[in-house]
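Student: Input final22.tsv, format and content: TSV, C-alpha atoms and all ligand atoms.
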chain	number	residue	atom	x	y	z
Z	20	MET	CA	-14.57	22.98	-22.11
Z	21	ALA	CA	-16.46	19.74	-21.46
Z	22	ASP	CA	-20.02	20.23	-20.19
Z	23	LYS	CA	-19.74	17.66	-17.38
Z	24	ASN	CA	-17.35	16.90	-14.55
Z	25	THR	CA	-16.06	13.31	-14.61
Z	26	GLN	CA	-15.37	11.89	-11.15
Z	27	VAL	CA	-13.88	8.62	-9.93
Z	28	GLN	CA	-15.61	7.49	-6.75
Z	29	LEU	CA	-15.31	4.51	-4.44
Z	30	ALA	CA	-17.58	1.58	-5.35
Z	31	ARG	CA	-16.45	-0.69	-2.51
Z	32	GLN	CA	-13.59	-0.95	-0.05
Z	33	PRO	CA	-10.66	-2.82	-1.68
Z	34	ASP	CA	-9.84	-6.27	-0.37
Z	35	GLY	CA	-6.02	-6.41	-0.50
Z	36	GLU	CA	-4.66	-5.00	-3.75
Z	37	PRO	CA	-7.14	-2.52	-5.28
Z	38	LYS	CA	-9.07	-3.60	-8.41
Z	39	VAL	CA	-10.84	-1.59	-11.13
Z	40	SER	CA	-14.18	-2.85	-9.80
Z	41	ASP	CA	-13.52	-1.11	-6.45
Z	42	PHE	CA	-14.14	2.19	-8.26
Z	43	GLN	CA	-17.00	3.77	-10.20
Z	44	VAL	CA	-17.01	6.61	-12.72
Z	45	ALA	CA	-19.75	9.25	-12.43
Z	46	GLU	CA	-20.63	12.48	-14.21
Z	47	THR	CA	-21.66	15.50	-12.17
Z	48	ASP	CA	-22.32	19.13	-13.02
Z	49	ILE	CA	-19.26	21.34	-13.25
Z	50	PRO	CA	-19.20	23.24	-9.95
Z	51	ALA	CA	-19.70	27.02	-10.03
Z	52	ALA	CA	-17.12	29.47	-8.68
Z	53	GLY	CA	-19.06	31.53	-6.15
Z	54	PRO	CA	-17.80	34.72	-4.51
Z	55	GLY	CA	-14.25	34.33	-3.12
Z	56	LYS	CA	-13.72	31.10	-5.08
Z	57	PHE	CA	-12.14	29.92	-8.32
Z	58	LEU	CA	-12.86	27.12	-10.77
Z	59	ALA	CA	-9.92	25.05	-12.04
Z	60	ARG	CA	-9.67	22.39	-14.73
Z	61	ASN	CA	-7.41	19.52	-13.82
Z	62	ILE	CA	-4.55	18.62	-16.13
Z	63	TYR	CA	-2.59	15.87	-14.35
Z	64	LEU	CA	-3.69	13.69	-11.43
Z	65	SER	CA	-1.04	12.23	-9.14
Z	66	LEU	CA	-1.42	8.60	-8.05
Z	67	ASP	CA	0.48	7.86	-4.84
Z	68	PRO	CA	0.90	4.77	-2.64
Z	69	TYR	CA	-0.51	6.54	0.47
Z	70	MET	CA	-3.93	6.64	-1.26
Z	71	ARG	CA	-4.47	2.94	-0.54
Z	72	GLY	CA	-4.34	3.64	3.21
Z	73	ALA	CA	-6.31	6.88	2.81
Z	74	ILE	CA	-9.21	5.06	1.11
Z	75	SER	CA	-9.40	2.66	4.05
Z	76	GLY	CA	-8.99	5.39	6.70
Z	77	ARG	CA	-5.51	4.24	7.72
Z	78	HIS	CA	-3.52	7.24	6.49
Z	79	MET	CA	-2.88	10.23	8.76
Z	80	GLY	CA	-5.96	12.42	9.05
Z	81	HIS	CA	-7.98	10.60	6.36
Z	82	SER	CA	-11.43	9.18	7.11
Z	83	ARG	CA	-12.41	5.81	5.66
Z	84	LEU	CA	-14.30	6.38	2.39
Z	85	ASN	CA	-17.78	5.09	1.70
Z	86	GLN	CA	-19.44	4.02	-1.53
Z	87	GLY	CA	-19.93	7.09	-3.76
Z	88	ASP	CA	-17.23	9.19	-2.10
Z	89	LEU	CA	-14.82	11.05	-4.39
Z	90	ILE	CA	-11.30	9.57	-4.20
Z	91	GLY	CA	-8.85	12.13	-2.81
Z	92	GLY	CA	-5.76	13.20	-4.71
Z	93	ARG	CA	-3.53	16.02	-5.86
Z	94	CYS	CA	-3.67	17.58	-9.34
Z	95	VAL	CA	-1.82	20.07	-11.46
Z	96	ALA	CA	-4.62	22.37	-12.62
Z	97	GLN	CA	-5.29	25.67	-14.34
Z	98	VAL	CA	-7.63	28.35	-13.01
Z	99	ILE	CA	-10.26	29.01	-15.68
Z	100	GLU	CA	-12.63	31.32	-13.80
Z	101	SER	CA	-11.87	33.33	-10.66
Z	102	LYS	CA	-13.71	35.41	-8.10
Z	103	HIS	CA	-10.75	35.05	-5.72
Z	104	ALA	CA	-8.37	37.98	-5.14
Z	105	GLU	CA	-5.18	35.86	-5.19
Z	106	TYR	CA	-5.87	33.51	-8.12
Z	107	ALA	CA	-6.26	34.73	-11.69
Z	108	GLU	CA	-7.51	33.00	-14.80
Z	109	GLY	CA	-4.60	31.15	-16.39
Z	110	ASP	CA	-2.69	30.51	-13.14
Z	111	TYR	CA	-1.22	27.03	-12.84
Z	112	ILE	CA	-1.63	25.44	-9.42
Z	113	VAL	CA	-1.28	22.21	-7.48
Z	114	ILE	CA	-4.46	21.46	-5.59
Z	115	GLU	CA	-6.00	18.65	-3.52
Z	116	SER	CA	-8.81	18.31	-6.03
Z	117	GLY	CA	-9.61	14.60	-5.91
Z	118	TRP	CA	-9.97	12.27	-8.89
Z	119	GLN	CA	-12.10	14.49	-11.09
Z	120	SER	CA	-11.79	16.83	-14.05
Z	121	TYR	CA	-12.83	20.13	-12.41
Z	122	CYS	CA	-12.75	21.57	-8.92
Z	123	VAL	CA	-13.74	24.72	-7.06
Z	124	SER	CA	-11.76	26.13	-4.15
Z	125	ASP	CA	-11.67	29.12	-1.85
Z	126	GLY	CA	-7.88	28.66	-1.56
Z	127	ALA	CA	-8.14	27.48	2.06
Z	128	ALA	CA	-5.39	25.33	3.59
Z	129	LYS	CA	-7.49	22.13	3.37
Z	130	ASP	CA	-7.22	22.33	-0.45
Z	131	GLY	CA	-3.40	22.55	-0.31
Z	132	VAL	CA	-3.31	25.08	-3.14
Z	133	ARG	CA	0.14	26.10	-4.31
Z	134	LYS	CA	0.87	28.24	-7.37
Z	135	ILE	CA	3.43	26.75	-9.72
Z	136	ASP	CA	5.85	28.48	-12.04
Z	137	PRO	CA	5.33	26.93	-15.50
Z	138	ASN	CA	8.95	27.81	-16.31
Z	139	ALA	CA	10.37	25.82	-13.39
Z	140	GLY	CA	10.18	22.58	-15.35
Z	141	PRO	CA	7.55	20.43	-17.06
Z	142	LEU	CA	4.14	21.07	-15.43
Z	143	SER	CA	3.78	17.38	-14.55
Z	144	ALA	CA	7.01	17.54	-12.49
Z	145	ALA	CA	5.06	19.51	-9.87
Z	146	LEU	CA	3.52	16.16	-8.89
Z	147	GLY	CA	6.83	14.30	-8.84
Z	148	VAL	CA	10.41	15.46	-8.66
Z	149	LEU	CA	9.37	19.10	-8.04
Z	150	GLY	CA	6.40	18.23	-5.84
Z	151	MET	CA	5.50	16.23	-2.75
Z	152	PRO	CA	7.65	13.15	-3.63
Z	153	GLY	CA	10.67	15.34	-4.40
Z	154	LEU	CA	10.21	17.28	-1.17
Z	155	THR	CA	10.05	13.96	0.69
Z	156	ALA	CA	13.32	12.80	-0.85
Z	157	TRP	CA	15.02	16.15	-0.19
Z	158	ALA	CA	13.87	16.21	3.46
Z	159	GLY	CA	15.14	12.67	3.99
Z	160	VAL	CA	18.51	13.34	2.38
Z	161	GLU	CA	19.22	16.92	3.43
Z	162	LYS	CA	17.40	17.30	6.73
Z	163	LEU	CA	17.56	13.81	8.24
Z	164	ALA	CA	20.32	11.65	6.74
Z	165	ASP	CA	22.74	14.44	5.74
Z	166	PRO	CA	25.25	11.90	4.33
Z	167	GLY	CA	28.92	12.79	3.93
Z	168	LEU	CA	31.28	12.62	0.96
Z	169	GLY	CA	31.99	8.99	0.05
Z	170	ASP	CA	29.17	7.53	2.13
Z	171	THR	CA	27.21	4.66	0.63
Z	172	PHE	CA	23.53	5.55	0.31
Z	173	VAL	CA	21.03	2.78	-0.49
Z	174	VAL	CA	17.39	3.40	-1.41
Z	175	THR	CA	14.48	1.08	-2.27
Z	176	ALA	CA	11.71	1.70	-4.85
Z	177	ALA	CA	14.62	3.44	-6.58
Z	178	ALA	CA	12.89	3.92	-9.94
Z	179	GLY	CA	10.01	5.84	-8.35
Z	180	PRO	CA	9.81	9.58	-7.69
Z	181	VAL	CA	10.85	9.42	-4.02
Z	182	GLY	CA	13.60	6.82	-4.37
Z	183	GLY	CA	14.93	8.12	-7.68
Z	184	THR	CA	15.13	11.68	-6.38
Z	185	ALA	CA	16.68	10.64	-3.06
Z	186	GLY	CA	19.48	8.71	-4.74
Z	187	GLN	CA	20.26	11.52	-7.18
Z	188	LEU	CA	20.37	14.09	-4.35
Z	189	ALA	CA	22.70	11.82	-2.37
Z	190	LYS	CA	24.88	11.37	-5.45
Z	191	ALA	CA	25.02	15.15	-5.87
Z	192	LYS	CA	26.43	15.29	-2.30
Z	193	GLY	CA	29.26	12.94	-3.27
Z	194	CYS	CA	27.77	9.65	-2.04
Z	195	ARG	CA	27.89	6.27	-3.71
Z	196	ALA	CA	24.21	5.83	-4.64
Z	197	VAL	CA	22.89	2.27	-4.87
Z	198	GLY	CA	19.27	1.56	-5.80
Z	199	ILE	CA	17.10	-1.47	-5.14
Z	200	ALA	CA	14.21	-2.04	-7.54
Z	201	GLY	CA	11.85	-4.77	-8.69
Z	202	SER	CA	12.80	-5.36	-12.32
Z	203	ASP	CA	15.76	-5.22	-14.68
Z	204	GLU	CA	14.09	-2.40	-16.62
Z	205	LYS	CA	13.67	-0.35	-13.43
Z	206	CYS	CA	17.34	-0.99	-12.58
Z	207	ARG	CA	18.36	0.15	-16.07
Z	208	ILE	CA	16.48	3.44	-15.57
Z	209	VAL	CA	18.03	3.91	-12.13
Z	210	VAL	CA	21.58	3.55	-13.46
Z	211	GLU	CA	21.33	4.93	-17.01
Z	212	GLU	CA	18.77	7.73	-16.55
Z	213	TYR	CA	19.24	8.68	-12.88
Z	214	GLY	CA	23.01	8.07	-12.76
Z	215	PHE	CA	23.15	5.83	-9.67
Z	216	ASP	CA	26.38	3.87	-9.25
Z	217	ALA	CA	24.54	0.54	-9.16
Z	218	CYS	CA	21.08	-0.98	-8.83
Z	219	VAL	CA	20.08	-4.41	-7.56
Z	220	ASN	CA	16.93	-6.27	-8.63
Z	221	TYR	CA	15.61	-7.70	-5.35
Z	222	LYS	CA	13.48	-10.24	-7.20
Z	223	ASN	CA	16.64	-12.16	-8.17
Z	224	ASP	CA	17.54	-14.98	-5.75
Z	225	ASP	CA	21.09	-13.71	-5.27
Z	226	TRP	CA	20.14	-10.09	-4.56
Z	227	GLU	CA	21.68	-10.01	-1.07
Z	228	GLU	CA	25.07	-11.03	-2.52
Z	229	ALA	CA	24.61	-8.53	-5.35
Z	230	LEU	CA	23.94	-5.80	-2.79
Z	231	LYS	CA	27.12	-6.69	-0.90
Z	232	GLU	CA	29.09	-6.43	-4.15
Z	233	ALA	CA	27.47	-3.09	-4.96
Z	234	CYS	CA	28.34	-1.76	-1.47
Z	235	PRO	CA	31.96	-2.88	-0.87
Z	236	ASP	CA	32.33	-0.46	2.06
Z	237	GLY	CA	29.00	-1.40	3.65
Z	238	ILE	CA	25.94	0.85	3.89
Z	239	ASP	CA	25.98	4.19	5.73
Z	240	VAL	CA	22.43	5.33	4.98
Z	241	TYR	CA	19.42	3.24	4.04
Z	242	PHE	CA	16.43	5.25	2.77
Z	243	ASP	CA	13.59	2.78	3.27
Z	244	ASN	CA	10.51	3.06	1.05
Z	245	VAL	CA	9.18	-0.46	1.48
Z	246	GLY	CA	9.59	-1.88	5.02
Z	247	GLY	CA	9.03	-5.63	5.43
Z	248	PRO	CA	11.77	-8.25	5.07
Z	249	ILE	CA	13.93	-6.04	2.81
Z	250	LEU	CA	14.44	-3.67	5.75
Z	251	ASP	CA	15.71	-6.56	7.89
Z	252	THR	CA	18.06	-7.77	5.16
Z	253	ILE	CA	19.56	-4.35	4.53
Z	254	THR	CA	19.99	-3.70	8.26
Z	255	GLN	CA	22.35	-6.73	8.31
Z	256	GLN	CA	24.59	-4.86	5.84
Z	257	LEU	CA	24.39	-1.48	7.60
Z	258	ASN	CA	27.64	-0.07	8.96
Z	259	LEU	CA	27.93	0.62	12.70
Z	260	TYR	CA	26.11	3.85	13.62
Z	261	GLY	CA	24.41	3.87	10.20
Z	262	LYS	CA	21.17	5.74	9.61
Z	263	ILE	CA	17.87	4.33	8.39
Z	264	ILE	CA	15.35	6.83	7.04
Z	265	LEU	CA	11.91	5.29	7.57
Z	266	CYS	CA	9.96	6.89	4.73
Z	267	GLY	CA	7.51	4.31	3.35
Z	268	LEU	CA	6.11	0.87	4.05
Z	269	VAL	CA	4.65	0.10	0.65
Z	270	SER	CA	5.05	-3.67	1.14
Z	271	GLN	CA	2.32	-3.39	3.82
Z	272	TYR	CA	-0.14	-0.94	2.25
Z	273	ASN	CA	-2.46	-3.52	0.65
Z	274	ARG	CA	-3.21	-5.28	3.93
Z	275	ASN	CA	-6.79	-5.21	5.18
Z	276	ASP	CA	-6.03	-5.19	8.86
Z	277	ASP	CA	-3.67	-3.01	10.89
Z	278	ASN	CA	-2.37	-6.12	12.69
Z	279	ASP	CA	-1.83	-8.02	9.46
Z	280	PHE	CA	1.97	-7.74	9.15
Z	281	ALA	CA	5.02	-9.34	10.67
Z	282	GLY	CA	7.13	-7.38	13.14
Z	283	HIS	CA	10.88	-6.93	12.94
Z	284	ASN	CA	13.55	-8.58	15.05
Z	285	MET	CA	15.06	-5.45	16.60
Z	286	GLY	CA	18.33	-7.19	17.61
Z	287	PRO	CA	20.28	-6.21	14.46
Z	288	PHE	CA	19.13	-2.58	14.78
Z	289	VAL	CA	20.61	-2.52	18.29
Z	290	GLY	CA	23.75	-4.38	17.24
Z	291	LYS	CA	24.39	-1.82	14.49
Z	292	ARG	CA	23.65	1.07	16.91
Z	293	ALA	CA	21.40	2.21	14.05
Z	294	GLN	CA	19.61	5.54	14.09
Z	295	LEU	CA	16.02	5.06	12.90
Z	296	LEU	CA	14.63	8.37	11.67
Z	297	GLY	CA	10.93	8.59	10.82
Z	298	LEU	CA	10.04	10.95	7.97
Z	299	VAL	CA	6.68	12.63	7.37
Z	300	VAL	CA	6.69	15.06	4.46
Z	301	TYR	CA	3.93	17.20	5.97
Z	302	ASP	CA	6.55	18.48	8.46
Z	303	TYR	CA	8.46	20.05	5.55
Z	304	TYR	CA	5.73	21.72	3.50
Z	305	ASP	CA	6.79	25.10	4.86
Z	306	GLN	CA	10.25	24.44	3.37
Z	307	MET	CA	8.93	23.89	-0.17
Z	308	ASP	CA	10.54	27.12	-1.44
Z	309	GLU	CA	13.95	26.13	-0.06
Z	310	PHE	CA	13.58	22.71	-1.68
Z	311	LEU	CA	12.59	24.21	-5.05
Z	312	ARG	CA	15.54	26.64	-4.95
Z	313	ALA	CA	17.79	23.58	-4.72
Z	314	ALA	CA	15.94	21.24	-7.07
Z	315	VAL	CA	14.82	23.45	-9.99
Z	316	PRO	CA	18.38	24.29	-11.13
Z	317	LEU	CA	19.33	20.60	-10.92
Z	318	VAL	CA	16.32	19.63	-13.08
Z	319	LYS	CA	17.11	22.38	-15.59
Z	320	ALA	CA	20.75	21.27	-15.75
Z	321	GLY	CA	19.73	17.65	-16.39
Z	322	ARG	CA	21.28	16.55	-13.07
Z	323	LEU	CA	17.98	15.52	-11.48
Z	324	ASN	CA	16.10	13.27	-13.85
Z	325	PHE	CA	12.74	11.60	-13.60
Z	326	HIS	CA	10.60	9.04	-15.35
Z	327	GLU	CA	6.81	9.16	-15.64
Z	328	ASP	CA	4.21	6.42	-15.99
Z	329	ARG	CA	1.07	8.02	-17.40
Z	330	ALA	CA	-2.47	6.91	-18.17
Z	331	ASP	CA	-4.32	9.03	-20.71
Z	332	ARG	CA	-7.87	9.46	-19.38
Z	333	ILE	CA	-9.43	10.05	-15.97
Z	334	GLU	CA	-11.56	6.92	-16.54
Z	335	ASP	CA	-8.30	4.92	-16.56
Z	336	ALA	CA	-7.25	6.14	-13.10
Z	337	PRO	CA	-8.53	2.98	-11.29
Z	338	ALA	CA	-6.55	0.61	-13.55
Z	339	HIS	CA	-3.47	2.81	-13.25
Z	340	PHE	CA	-3.81	2.88	-9.47
Z	341	ALA	CA	-4.10	-0.91	-9.40
Z	342	LYS	CA	-0.92	-1.04	-11.48
Z	343	LEU	CA	0.87	1.22	-8.95
Z	344	MET	CA	-0.30	-0.78	-5.95
Z	345	SER	CA	0.93	-4.02	-7.50
Z	346	GLY	CA	4.35	-2.43	-8.01
Z	347	GLN	CA	4.11	-2.49	-11.82
Z	348	ASN	CA	4.50	1.27	-12.33
Z	349	VAL	CA	7.76	2.44	-13.84
Z	350	GLY	CA	8.34	5.97	-12.56
Z	351	LYS	CA	5.91	8.58	-11.25
Z	352	ALA	CA	2.34	7.30	-11.65
Z	353	MET	CA	-0.06	9.93	-12.96
Z	354	VAL	CA	-3.09	10.42	-15.19
Z	355	THR	CA	-3.47	13.02	-17.92
Z	356	ILE	CA	-6.89	14.62	-17.53
Z	357	GLY	CA	-6.70	17.51	-19.97
Z	358	PRO	CA	-4.33	19.51	-22.18
Z	359	GLU	CA	-1.73	21.80	-20.61
Z	360	SER	CA	-3.18	24.81	-22.40
Z	361	LEU	CA	-6.53	25.39	-24.08
K	1	LIG	N1	6.98	9.54	4.65
K	1	LIG	C1	6.42	10.35	3.80
K	1	LIG	O1	6.04	11.48	4.14
K	1	LIG	C2	6.22	9.90	2.38
K	1	LIG	C3	5.88	10.81	1.36
K	1	LIG	C4	5.77	10.33	0.05
K	1	LIG	C5	5.95	8.99	-0.22
K	1	LIG	N2	6.25	8.15	0.80
K	1	LIG	C6	6.47	6.71	0.55
K	1	LIG	O2	7.60	6.58	-0.29
K	1	LIG	C7	7.50	5.33	-0.98
K	1	LIG	C8	7.75	5.56	-2.47
K	1	LIG	O3	6.71	6.40	-2.98
K	1	LIG	P1	6.67	6.74	-4.52
K	1	LIG	O4	5.57	7.71	-4.71
K	1	LIG	O5	8.04	7.10	-5.00
K	1	LIG	O6	6.20	5.35	-5.14
K	1	LIG	P2	6.75	4.52	-6.38
K	1	LIG	O7	8.15	4.16	-6.14
K	1	LIG	O8	6.42	5.19	-7.66
K	1	LIG	O9	5.82	3.23	-6.35
K	1	LIG	C9	5.85	2.29	-5.35
K	1	LIG	C10	6.92	1.21	-5.63
K	1	LIG	O10	7.07	0.46	-4.45
K	1	LIG	C11	7.64	-0.79	-4.78
K	1	LIG	N3	7.07	-1.88	-4.00
K	1	LIG	C12	7.75	-2.64	-3.12
K	1	LIG	N4	6.98	-3.55	-2.55
K	1	LIG	C13	5.75	-3.39	-3.05
K	1	LIG	C14	4.53	-4.05	-2.85
K	1	LIG	N5	4.39	-5.08	-2.03
K	1	LIG	N6	3.48	-3.63	-3.56
K	1	LIG	C15	3.59	-2.60	-4.40
K	1	LIG	N7	4.74	-1.91	-4.63
K	1	LIG	C16	5.82	-2.32	-3.97
K	1	LIG	C17	7.46	-0.96	-6.28
K	1	LIG	O11	8.75	-0.74	-6.84
K	1	LIG	P3	9.79	-1.97	-6.97
K	1	LIG	O12	9.27	-2.83	-8.07
K	1	LIG	O13	11.07	-1.30	-7.29
K	1	LIG	O14	9.79	-2.67	-5.65
K	1	LIG	C18	6.56	0.19	-6.68
K	1	LIG	O15	6.80	0.61	-7.99
K	1	LIG	C19	6.12	4.77	-0.65
K	1	LIG	O16	6.25	3.86	0.41
K	1	LIG	C20	5.36	6.00	-0.18
K	1	LIG	O17	4.29	5.71	0.64
K	1	LIG	C21	6.39	8.57	2.08
Please go through the file and, once you have read it, give me the structure as structure tokens.

Tutor:
Amino acid sequence: MADKNTQVQLARQPDGEPKVSDFQVAETDIPAAGPGKFLARNIYLSLDPYMRGAISGRHMGHSRLNQGDLIGGRCVAQVIESKHAEYAEGDYIVIESGWQSYCVSDGAAKDGVRKIDPNAGPLSAALGVLGMPGLTAWAGVEKLADPGLGDTFVVTAAAGPVGGTAGQLAKAKGCRAVGIAGSDEKCRIVVEEYGFDACVNYKNDDWEEALKEACPDGIDVYFDNVGGPILDTITQQLNLYGKIILCGLVSQYNRNDDNDFAGHNMGPFVGKRAQLLGLVVYDYYDQMDEFLRAAVPLVKAGRLNFHEDRADRIEDAPAHFAKLMSGQNVGKAMVTIGPESL
């Protein structure tokens, strides 16, 4: 066990896309597990797009961070010392630990502690396909969109953990799954590794035509992870009475000002009689067990695949986060902090 706790803290508020210099690395003492608490060592840190808004106090329930504040985030961790009745040494957990190598918790709800079964799949999957992003995708597909056999289901950020999982779950329900992603390599992963029927690179000039060709019967469900002009374009190709799952607005997350984005012309949404369904994963946390009962067998059977984009040291978390927030990640962004077992 290391003799210090490495933390990544805020150095200054990002201006637009985050940069490495917006963060600082500090060493603190490893916290002690007092009565009713446990000490955990972090193994994998999840990097997620919502963190950009959380740092600036724009994400639900998060206060704007100041210089020296620990960056918030979720980790897969292992309990290494426990004075808590429900957590034993050796237990694997997911915990809102922050960007650091150790954490102490009393197991209270604010820490979002959830035990994980190390046999359910790779431990790291608890941050991706079998974690919050997977639950998001499942809630959008199963609980909101509920597409029918033969429907055409389109999803953006399709190589990522939310989009990739959503398309595969829709495909498992008998839909035609079409991804939209920002590079040819991402599109290759979406088709070859995730098994979508097609994927369109929206950075090509002719992408709207390519989308029409990929969706010969129009679009029944659009699972939107990006917002912005892509949402307007896809709405033009939506079938009458189609559904739009409003999940993410990543094209807007790097803005500095809440008013700093263009609105949408709502006419086409009306013309299509579209149903716009907002999705917040927090509403589904109490359905995590139901989700895992559905998803774990699919992962084990190789029918729900995922791709990871890892950095190897906690000190590299800022650069890896900058990579995510510029859209350069390929798959679930995460940082390896320590070995899976000691
Ligand atoms: N509603 C909820 O409760 C909930 C829960 C979890 C996640 N989400 C949202 O779901 C979306 C996907 O999350 P994820 O974790 O699966 O992320 P991700 O796909 O791993 O990463 C984000 C991706 O967004 C795309 N992107 C499009 N425009 C971008 C821009 N201007 N800047 C940066 N990236 C851009 C990039 O892919 P391309 O190159 O393919 O464009 C990038 O790789 C995000 O919007 C996230 O906030 C919502």

Student: At a cut-off of 6 Å, can you tabulate as a Markdown table every residue of chain Z near ligand LIG 1 (chain K) together with its closest atom pair and the distance in Å to one decimal, using only C-alpha atoms and all ligand atoms and ordering rows by chain then number?

Tutor:
| residue | atom | partner | partner_atom | distance |
| --- | --- | --- | --- | --- |
| Z:Asp67 | CA | K:LIG1 | O4 | 5.1 |
| Z:Pro68 | CA | K:LIG1 | O17 | 4.8 |
| Z:Tyr69 | CA | K:LIG1 | O17 | 4.9 |
| Z:Pro152 | CA | K:LIG1 | C4 | 5.0 |
| Z:Thr155 | CA | K:LIG1 | C3 | 5.3 |
| Z:Ala176 | CA | K:LIG1 | O13 | 3.9 |
| Z:Ala177 | CA | K:LIG1 | O13 | 6.0 |
| Z:Gly179 | CA | K:LIG1 | O7 | 3.3 |
| Z:Pro180 | CA | K:LIG1 | O5 | 4.1 |
| Z:Val181 | CA | K:LIG1 | O5 | 3.8 |
| Z:Gly182 | CA | K:LIG1 | O5 | 5.6 |
| Z:Ala200 | CA | K:LIG1 | O13 | 3.2 |
| Z:Gly201 | CA | K:LIG1 | O12 | 3.3 |
| Z:Asn244 | CA | K:LIG1 | C7 | 4.3 |
| Z:Val245 | CA | K:LIG1 | C12 | 5.3 |
| Z:Cys266 | CA | K:LIG1 | N1 | 4.0 |
| Z:Gly267 | CA | K:LIG1 | O16 | 3.2 |
| Z:Leu268 | CA | K:LIG1 | O16 | 4.7 |
| Z:Val269 | CA | K:LIG1 | O16 | 4.1 |
| Z:Ser270 | CA | K:LIG1 | N5 | 3.5 |
| Z:Leu298 | CA | K:LIG1 | N1 | 4.7 |
| Z:Val299 | CA | K:LIG1 | O1 | 3.5 |
| Z:Val300 | CA | K:LIG1 | O1 | 3.7 |
| Z:Leu343 | CA | K:LIG1 | O9 | 5.9 |
| Z:Met344 | CA | K:LIG1 | C15 | 4.6 |
| Z:Ser345 | CA | K:LIG1 | C15 | 4.3 |
| Z:Gly346 | CA | K:LIG1 | N7 | 3.4 |
| Z:Gln347 | CA | K:LIG1 | O15 | 5.6 |
| Z:Asn348 | CA | K:LIG1 | O15 | 5.0 |
| Z:Gly350 | CA | K:LIG1 | O8 | 5.3 |
| Z:Lys351 | CA | K:LIG1 | O8 | 5.0 |

Student: Using C-alpha atoms, can you export the residues from the last selection as a compact mmCIF listing (two decimals), keeping the file's coordinate frame?

Tutor:
# COMPACT_ATOMS: atom_id res chain seq x y z
CA ASP Z 67 0.48 7.86 -4.84
CA PRO Z 68 0.90 4.77 -2.64
CA TYR Z 69 -0.51 6.54 0.47
CA PRO Z 152 7.65 13.15 -3.63
CA THR Z 155 10.05 13.96 0.69
CA ALA Z 176 11.71 1.70 -4.85
CA ALA Z 177 14.62 3.44 -6.58
CA GLY Z 179 10.01 5.84 -8.35
CA PRO Z 180 9.81 9.58 -7.69
CA VAL Z 181 10.85 9.42 -4.02
CA GLY Z 182 13.60 6.82 -4.37
CA ALA Z 200 14.21 -2.04 -7.54
CA GLY Z 201 11.85 -4.77 -8.69
CA ASN Z 244 10.51 3.06 1.05
CA VAL Z 245 9.18 -0.46 1.48
CA CYS Z 266 9.96 6.89 4.73
CA GLY Z 267 7.51 4.31 3.35
CA LEU Z 268 6.11 0.87 4.05
CA VAL Z 269 4.65 0.10 0.65
CA SER Z 270 5.05 -3.67 1.14
CA LEU Z 298 10.04 10.95 7.97
CA VAL Z 299 6.68 12.63 7.37
CA VAL Z 300 6.69 15.06 4.46
CA LEU Z 343 0.87 1.22 -8.95
CA MET Z 344 -0.30 -0.78 -5.95
CA SER Z 345 0.93 -4.02 -7.50
CA GLY Z 346 4.35 -2.43 -8.01
CA GLN Z 347 4.11 -2.49 -11.82
CA ASN Z 348 4.50 1.27 -12.33
CA GLY Z 350 8.34 5.97 -12.56
CA LYS Z 351 5.91 8.58 -11.25

Student: Counting all atoms listed in the file, what is within 8 Å of region 214-223 of chain Z, bar same-chain residues fewer than 2 positions away, as JSON, numbers by chain?

Tutor: {"Z": [186, 187, 190, 195, 196, 197, 198, 199, 200, 201, 202, 203, 206, 207, 209, 210, 211, 212, 225, 226, 227, 229, 230, 233]}

Student: Restrict the calculation to only C-alpha atoms, then for each residue of region 149-238 of chain Z with any atom at most 9 Å from an atom of region 309-330 of chain Z give the closest atom pair and their distance in Å to one decimal, rows by chain and rising residue number, as CSV.

Tutor:
residue,atom,partner,partner_atom,distance
Z:Leu149,CA,Z:Leu311,CA,6.7
Z:Gly150,CA,Z:Leu311,CA,8.6
Z:Gly153,CA,Z:Ala314,CA,8.3
Z:Leu154,CA,Z:Phe310,CA,6.4
Z:Trp157,CA,Z:Phe310,CA,6.9
Z:Ala158,CA,Z:Phe310,CA,8.3
Z:Ala178,CA,Z:His326,CA,7.8
Z:Gly179,CA,Z:His326,CA,7.7
Z:Pro180,CA,Z:Phe325,CA,6.9
Z:Gly183,CA,Z:Phe325,CA,7.2
Z:Thr184,CA,Z:Leu323,CA,7.0
Z:Gln187,CA,Z:Leu323,CA,6.3
Z:Leu188,CA,Z:Leu323,CA,7.7
Z:Ala191,CA,Z:Arg322,CA,8.2
Z:Ile208,CA,Z:His326,CA,8.1
Z:Glu212,CA,Z:Asn324,CA,6.7
Z:Tyr213,CA,Z:Asn324,CA,5.6
Z:Gly214,CA,Z:Arg322,CA,8.7

Student: What does the distance from CA of Ser124 (chain Z) to CA of Ala341 (chain Z) come to in Å, to one decimal?

Tutor: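 Between CA of Ser124 (chain Z) and CA of Ala341 (chain Z) the gap works out to 28.6 Å.
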
Student: Find the residues near region 254-265 of chain Z: any atom within 8 Å, counting all atoms listed in the file, skip ones fewer than 2 places away on the same chain, and give them as number ranges by chain.

Tutor: Z: 159, 163-164, 231, 237-244, 246, 250-252, 267, 287-288, 290-298

Student: Mind pulling up the distance from CA of Pro248 (chain Z) to CA of Met285 (chain Z)?

Tutor: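 Value for the CA of Met285 (chain Z)-CA of Pro248 (chain Z) distance: 12.3 Å.
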
Student: Between Z:Met151, Z:Leu142, Z:Val160, Z:Asp236, single out the one closest to Tyr63 (chain Z), counting all atoms listed in the file.

Tutor: Z:Leu142

Student: Pick from Z:Tyr111, Z:Ala104, Z:Pro337, Z:Tyr301: nearest to Met79 (chain Z), with all atoms listed in the file counted?

Tutor: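 Smallest separation from Met79 (chain Z) among the options: Z:Tyr301.
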